[in-house]
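**Q** The file below is my_file_24.txt, compact mmCIF, C-alpha atoms:
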```txt
# COMPACT_ATOMS: atom_id res chain seq x y z
CA MET A 1 0.00 0.00 0.00
CA LYS A 2 1.35 3.41 -0.97
CA LYS A 3 2.21 5.85 1.77
CA ARG A 4 -0.06 8.86 1.97
CA LYS A 5 2.84 11.25 1.38
CA ASP A 6 3.44 9.58 -1.99
CA ILE A 7 -0.07 10.48 -3.18
CA ILE A 8 -0.99 13.65 -5.08
CA ILE A 9 -4.63 14.67 -5.21
CA ARG A 10 -5.74 14.91 -8.84
CA HIS A 11 -9.51 15.08 -8.46
CA SER A 12 -11.43 16.45 -5.47
CA PRO A 13 -14.43 14.58 -3.98
CA VAL A 14 -16.84 17.05 -5.59
CA GLU A 15 -15.22 16.53 -9.01
CA ARG A 16 -15.39 12.75 -8.67
CA VAL A 17 -19.04 12.71 -7.57
CA ASN A 18 -19.94 15.05 -10.43
CA HIS A 19 -18.02 12.91 -12.93
CA TRP A 20 -19.74 9.66 -11.95
CA ALA A 21 -23.15 11.36 -11.88
CA VAL A 22 -22.55 12.47 -15.47
CA VAL A 23 -21.49 8.92 -16.36
CA LEU A 24 -24.69 7.50 -14.86
CA CYS A 25 -26.88 9.98 -16.75
CA PHE A 26 -24.93 9.29 -19.93
CA LEU A 27 -25.59 5.54 -19.66
CA PHE A 28 -29.32 6.08 -19.21
CA THR A 29 -29.61 8.55 -22.11
CA ALA A 30 -27.22 6.74 -24.48
CA ILE A 31 -28.73 3.28 -24.00
CA SER A 32 -32.34 4.47 -24.22
CA GLY A 33 -31.40 6.70 -27.17
CA LEU A 34 -29.95 3.74 -29.08
CA GLY A 35 -33.30 2.06 -28.54
CA PHE A 36 -35.02 4.98 -30.27
CA PHE A 37 -32.51 5.10 -33.11
CA PHE A 38 -32.36 1.39 -34.02
CA PRO A 39 -35.66 -0.56 -34.13
CA SER A 40 -33.82 -3.82 -33.42
CA PHE A 41 -32.57 -2.24 -30.17
CA ASN A 42 -36.00 -1.19 -28.91
CA TRP A 43 -35.53 -3.48 -25.90
CA LEU A 44 -32.76 -1.14 -24.67
CA MET A 45 -35.43 1.40 -23.78
CA ASN A 46 -36.34 -0.81 -20.83
CA ILE A 47 -33.35 0.68 -18.98
CA LEU A 48 -35.71 3.46 -17.85
CA GLY A 49 -38.59 1.10 -17.08
CA THR A 50 -40.67 0.69 -20.23
CA PRO A 51 -40.34 2.07 -23.78
CA GLN A 52 -43.13 4.55 -23.03
CA LEU A 53 -41.49 5.66 -19.81
CA SER A 54 -38.13 5.96 -21.56
CA ARG A 55 -39.57 8.39 -24.10
CA ILE A 56 -40.69 10.57 -21.19
CA LEU A 57 -37.57 10.28 -19.02
CA HIS A 58 -34.88 10.30 -21.74
CA PRO A 59 -34.90 14.10 -22.24
CA PHE A 60 -35.01 14.72 -18.49
CA ALA A 61 -32.00 12.45 -17.90
CA GLY A 62 -30.23 14.23 -20.75
CA SER A 63 -31.01 17.61 -19.24
CA VAL A 64 -29.58 16.55 -15.87
CA MET A 65 -26.44 15.30 -17.62
CA PHE A 66 -26.02 18.63 -19.42
CA VAL A 67 -26.48 20.66 -16.23
CA LEU A 68 -23.96 18.49 -14.36
CA PHE A 69 -21.50 18.79 -17.23
CA ILE A 70 -21.63 22.59 -17.05
CA PHE A 71 -19.74 22.30 -13.74
CA MET A 72 -17.11 20.07 -15.38
CA PHE A 73 -16.82 22.42 -18.36
CA PHE A 74 -15.96 25.47 -16.27
CA ARG A 75 -13.90 23.51 -13.73
CA TYR A 76 -11.53 22.16 -16.40
CA PHE A 77 -11.79 24.99 -18.93
CA LYS A 78 -8.49 26.71 -18.11
CA HIS A 79 -6.56 23.43 -18.38
CA ASN A 80 -7.71 22.57 -21.90
CA PHE A 81 -6.17 25.22 -24.11
CA ILE A 82 -3.76 23.80 -26.69
CA ASP A 83 -0.12 24.89 -26.31
CA LYS A 84 3.23 24.18 -27.97
CA ASP A 85 3.89 21.13 -25.79
CA ASP A 86 0.70 19.55 -27.14
CA ILE A 87 2.15 19.83 -30.65
CA VAL A 88 5.25 17.96 -29.44
CA TRP A 89 2.94 15.32 -27.98
CA LEU A 90 1.12 14.98 -31.30
CA LYS A 91 4.35 14.72 -33.30
CA ASN A 92 5.38 11.82 -31.05
CA ILE A 93 2.05 10.00 -31.33
CA ARG A 94 3.86 6.73 -32.17
CA LYS A 95 5.52 6.82 -28.75
CA ILE A 96 2.17 7.55 -27.14
CA LEU A 97 0.64 4.50 -28.82
CA ARG A 98 3.44 2.43 -27.28
CA ASN A 99 2.39 3.80 -23.88
CA GLU A 100 5.45 6.04 -23.72
CA GLU A 101 5.30 9.72 -22.85
CA ALA A 102 6.48 12.69 -24.91
CA GLY A 103 6.45 16.42 -24.33
CA ASP A 104 6.29 18.51 -21.19
CA ILE A 105 2.62 17.78 -20.48
CA GLY A 106 0.64 19.82 -17.98
CA GLN A 107 -2.65 18.91 -16.30
CA TYR A 108 -3.94 17.20 -19.47
CA ASN A 109 -2.42 16.02 -22.74
CA LEU A 110 -3.69 16.79 -26.24
CA GLY A 111 -5.76 13.61 -26.39
CA GLN A 112 -7.55 14.48 -23.15
CA LYS A 113 -8.10 18.04 -24.36
CA GLY A 114 -9.60 16.67 -27.56
CA VAL A 115 -12.02 14.56 -25.54
CA TYR A 116 -12.96 17.60 -23.46
CA TRP A 117 -13.78 19.76 -26.47
CA SER A 118 -15.49 16.97 -28.37
CA ILE A 119 -17.78 16.17 -25.43
CA SER A 120 -18.49 19.87 -24.91
CA VAL A 121 -19.50 20.46 -28.55
CA CYS A 122 -21.59 17.29 -28.73
CA LEU A 123 -23.46 18.09 -25.51
CA ILE A 124 -24.21 21.66 -26.58
CA LEU A 125 -25.60 20.40 -29.90
CA LEU A 126 -27.57 17.69 -28.11
CA ALA A 127 -29.04 20.21 -25.68
CA VAL A 128 -30.10 22.70 -28.36
CA SER A 129 -31.47 20.09 -30.77
CA GLY A 130 -33.07 18.18 -27.89
CA ILE A 131 -35.08 21.22 -26.83
CA ILE A 132 -36.32 21.70 -30.40
CA ILE A 133 -37.61 18.11 -30.70
CA TRP A 134 -38.84 17.77 -27.09
CA ARG A 135 -42.54 16.96 -27.15
CA PRO A 136 -44.90 18.08 -25.76
CA TYR A 137 -43.02 21.03 -24.27
CA PHE A 138 -41.10 22.82 -27.03
CA ALA A 139 -41.54 21.10 -30.41
CA ASP A 140 -44.77 22.94 -31.20
CA PHE A 141 -42.83 26.22 -31.32
CA PHE A 142 -40.76 25.07 -34.31
CA SER A 143 -41.56 24.25 -37.92
CA ILE A 144 -41.36 20.72 -39.34
CA PRO A 145 -38.18 21.46 -41.40
CA VAL A 146 -36.43 22.83 -38.30
CA ILE A 147 -37.44 19.75 -36.30
CA ARG A 148 -36.12 17.47 -39.04
CA VAL A 149 -32.76 19.22 -39.03
CA ALA A 150 -32.71 19.08 -35.22
CA LEU A 151 -33.40 15.33 -35.31
CA LEU A 152 -30.44 14.84 -37.66
CA VAL A 153 -28.16 17.01 -35.53
CA HIS A 154 -29.32 15.24 -32.36
CA SER A 155 -28.64 11.80 -33.84
CA MET A 156 -25.19 12.70 -35.23
CA SER A 157 -24.17 14.45 -32.02
CA ALA A 158 -25.28 11.44 -29.97
CA ILE A 159 -23.18 9.10 -32.10
CA GLY A 160 -20.22 11.48 -31.78
CA LEU A 161 -20.62 11.63 -28.01
CA ILE A 162 -20.87 7.84 -27.64
CA LEU A 163 -17.74 7.30 -29.74
CA THR A 164 -15.85 9.96 -27.77
CA ILE A 165 -16.85 8.38 -24.45
CA ILE A 166 -15.73 4.95 -25.68
CA ILE A 167 -12.32 6.41 -26.60
CA HIS A 168 -12.16 8.21 -23.26
CA ALA A 169 -12.97 5.04 -21.30
CA TYR A 170 -10.49 2.95 -23.31
CA ALA A 171 -7.69 5.46 -22.72
CA ALA A 172 -8.50 5.59 -19.00
CA PHE A 173 -8.08 1.82 -18.67
CA TRP A 174 -5.08 1.78 -21.03
CA VAL A 175 -3.08 4.24 -18.92
CA LYS A 176 -2.76 2.43 -15.62
CA GLY A 177 -3.65 4.65 -12.68
CA SER A 178 -6.11 6.91 -14.51
CA VAL A 179 -9.24 5.12 -13.29
CA ARG A 180 -7.90 5.06 -9.75
CA ALA A 181 -7.47 8.83 -9.90
CA MET A 182 -11.17 9.29 -10.63
CA VAL A 183 -12.24 6.69 -8.05
CA GLU A 184 -9.94 7.50 -5.14
CA GLY A 185 -8.88 10.99 -6.16
CA GLY A 186 -5.11 10.56 -5.97
CA VAL A 187 -2.17 9.42 -8.07
CA THR A 188 1.37 8.55 -7.10
CA ARG A 189 4.13 11.09 -7.56
CA GLY A 190 5.80 8.68 -9.97
CA TRP A 191 2.64 8.50 -12.10
CA ALA A 192 2.30 12.28 -12.16
CA LYS A 193 5.98 12.79 -13.04
CA LYS A 194 5.80 10.25 -15.89
CA HIS A 195 2.50 11.23 -17.50
CA HIS A 196 2.16 14.93 -16.61
CA PRO A 197 5.64 16.28 -15.76
CA ARG A 198 4.76 19.99 -15.96
CA TRP A 199 1.73 19.50 -13.73
CA TYR A 200 3.91 17.49 -11.33
CA ARG A 201 6.41 20.34 -11.07
CA GLU A 202 3.60 22.82 -10.45
CA VAL A 203 2.23 20.67 -7.62
CA MET A 204 5.69 20.25 -6.10
CA LYS A 205 6.30 24.01 -6.27
CA GLN A 206 2.99 24.67 -4.54
CA GLU A 207 3.81 22.13 -1.83
CA ARG A 208 7.17 23.77 -1.16
CA GLN A 209 5.53 27.17 -0.86
CA GLU A 210 2.95 25.78 1.58
CA ASP A 211 5.72 24.16 3.65
CA LYS A 212 7.41 27.54 4.03
CA LEU A 213 4.29 29.10 5.52
```
Take the structure in the file and give it back as structure tokens.
**A**
Amino acid sequence: MKKRKDIIIRHSPVERVNHWAVVLCFLFTAISGLGFFFPSFNWLMNILGTPQLSRILHPFAGSVMFVLFIFMFFRYFKHNFIDKDDIVWLKNIRKILRNEEAGDIGQYNLGQKGVYWSISVCLILLAVSGIIIWRPYFADFFSIPVIRVALLVHSMSAIGLILTIIIHAYAAFWVKGSVRAMVEGGVTRGWAKKHHPRWYREVMKQERQEDKL
């Protein structure tokens, strides 16, 4: 068992609870949504009780997911701007695929930043298009052509979000220690130094300043 002093907090309790709440809402909306999209998958709508109940609850679960994600969006916003070290990371993508690290990576690498922006765009499109097609509350305010376009946007955005989440989950399991960080909140100093060296130095600098106080 690792000593407590060897652990660096990467995600606070509030961040972890919010993250897993978003995951839970995503599963409900994605699975029930696949039931709507593919007739052969209609049985998936039973995840929210019955197909009829799923049609009622699906947009509400999606709305909760979007509201919860707003917290994540603003919490991680400042860490997800692309910088010159991300370009180095991208140029060394072959090393990354061999589970080696490249570049002086901060809080998040370019792949993680890509996931952040992809999820953000997909959820915004899903929210806007979802409101337009949401019966019986809002759909009557829009014309049939607008609703048709919204249905297409909603479907494409949903597929984009599902694919992005699959990539995100795969990468989390692929890089050992990532899942633990979101479950327990902490990572070892060795993990931080290997995968996010610039972030590791920033944390160490902050710790030294706190020790001087």
**Q** Counting all atoms listed in the file, which of A:Trp199, A:Phe142, A:Phe36, A:Trp117 gets nearest to Ile165 of chain A?
**A**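 Counting all atoms listed in the file, the residue closest to Ile165 of chain A is A:Trp117.
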**Q** Atom CA of Asn46 of chain A and atom CA of Gly62 of chain A are how many Å apart?
**A**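 So the answer is 16.2 Å.
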**Q** Under the rule of at most 12 Å, produce a per-residue listing of segment 80-115 of chain A near segment 181-193 of chain A: chain, number, name, the closest pair of atoms, and the distance in Å, as a tab-separated table, using all atoms listed in the file.
**A**
```
residue	atom	partner	partner_atom	distance
A:Glu101	CA	A:Lys193	CA	10.3
A:Ala102	CA	A:Lys193	CA	11.9
A:Gly103	CA	A:Lys193	CA	11.9
A:Asp104	CA	A:Lys193	CA	10.0
A:Ile105	CA	A:Lys193	CA	9.6
A:Gly106	CA	A:Ala192	CA	9.7
A:Gln107	CA	A:Ala192	CA	9.3
A:Tyr108	CA	A:Ala192	CA	10.8
```
**Q** Atom CA of Leu110 of chain A and atom CA of Phe26 of chain A are how many Å apart?
**A**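 Result for atom CA of Leu110 of chain A versus atom CA of Phe26 of chain A: 23.4 Å, one decimal.
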**Q** Just to confirm, what's the straight-line distance from atom CA of Asp211 of chain A to atom CA of Phe74 of chain A in Å (one decimal)?
**A**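 Atom CA of Phe74 of chain A lies at a distance of 29.5 Å from atom CA of Asp211 of chain A.
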**Q** Which residue gives the smallest distance to His19 of chain A among A:Met156, A:Phe66, A:Ile132, A:Pro197, with only C-alpha atoms counted?
**A**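 Smallest separation from His19 of chain A among the options: A:Phe66.
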**Q** Could you pull the residues within 9 Å of Leu90 of chain A, counting only C-alpha atoms, minus those fewer than 3 positions along the same chain, as a ChimeraX atom specification?
**A** /A:85-87,93-94,96,102-103,110-111
**Q** Excluding Phe37 of chain A and its own-chain neighbours fewer than 5 positions away, which residues fall within 9 Å of it when counting all atoms listed in the file? Please give them as a PyMOL selection string.
**A** chain A and resi 32+42+155
**Q** Enumerate, as a ChimeraX atom specification, the protein, DNA and RNA residues whose atoms approach (-16.3, 19.9, -14.0) to within 9 Å, taking into account all atoms listed in the file and the coordinate frame of the file.
**A** /A:14-16,18-19,68-77
**Q** Restricting the calculation to all atoms listed in the file, which member of A:Val203, A:Ile167, A:Val88, A:Val149 is positioned closest to Arg10 of chain A?
**A**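 Once distances to Arg10 of chain A are computed over all atoms listed in the file, the minimum belongs to A:Val203.
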**Q** Please, can segment 68-80 of chain A be completed to N, CA and C atoms and returned as a compact mmCIF listing (two decimals), in the frame of the given file?
**A**
```txt
# COMPACT_ATOMS: atom_id res chain seq x y z
N LEU A 68 -25.11 18.97 -15.13
CA LEU A 68 -23.96 18.49 -14.36
C LEU A 68 -22.66 18.74 -15.11
N PHE A 69 -22.71 18.60 -16.44
CA PHE A 69 -21.50 18.79 -17.23
C PHE A 69 -21.06 20.25 -17.24
N ILE A 70 -22.00 21.16 -17.08
CA ILE A 70 -21.63 22.59 -17.05
C ILE A 70 -20.58 22.83 -15.97
N PHE A 71 -20.74 22.18 -14.81
CA PHE A 71 -19.74 22.30 -13.74
C PHE A 71 -18.39 21.80 -14.22
N MET A 72 -18.36 20.63 -14.88
CA MET A 72 -17.11 20.07 -15.38
C MET A 72 -16.49 20.99 -16.42
N PHE A 73 -17.33 21.55 -17.29
CA PHE A 73 -16.82 22.42 -18.36
C PHE A 73 -16.04 23.59 -17.79
N PHE A 74 -16.63 24.29 -16.83
CA PHE A 74 -15.96 25.47 -16.27
C PHE A 74 -14.84 25.09 -15.31
N ARG A 75 -14.95 23.95 -14.65
CA ARG A 75 -13.90 23.51 -13.73
C ARG A 75 -12.60 23.19 -14.48
N TYR A 76 -12.71 22.59 -15.66
CA TYR A 76 -11.53 22.16 -16.40
C TYR A 76 -11.19 23.07 -17.57
N PHE A 77 -11.95 24.12 -17.76
CA PHE A 77 -11.79 24.99 -18.93
C PHE A 77 -10.37 25.52 -19.09
N LYS A 78 -9.80 26.07 -18.02
CA LYS A 78 -8.49 26.71 -18.11
C LYS A 78 -7.36 25.73 -18.39
N HIS A 79 -7.61 24.43 -18.17
CA HIS A 79 -6.56 23.43 -18.38
C HIS A 79 -6.58 22.83 -19.78
N ASN A 80 -7.53 23.25 -20.62
CA ASN A 80 -7.71 22.57 -21.90
C ASN A 80 -7.43 23.42 -23.12
```
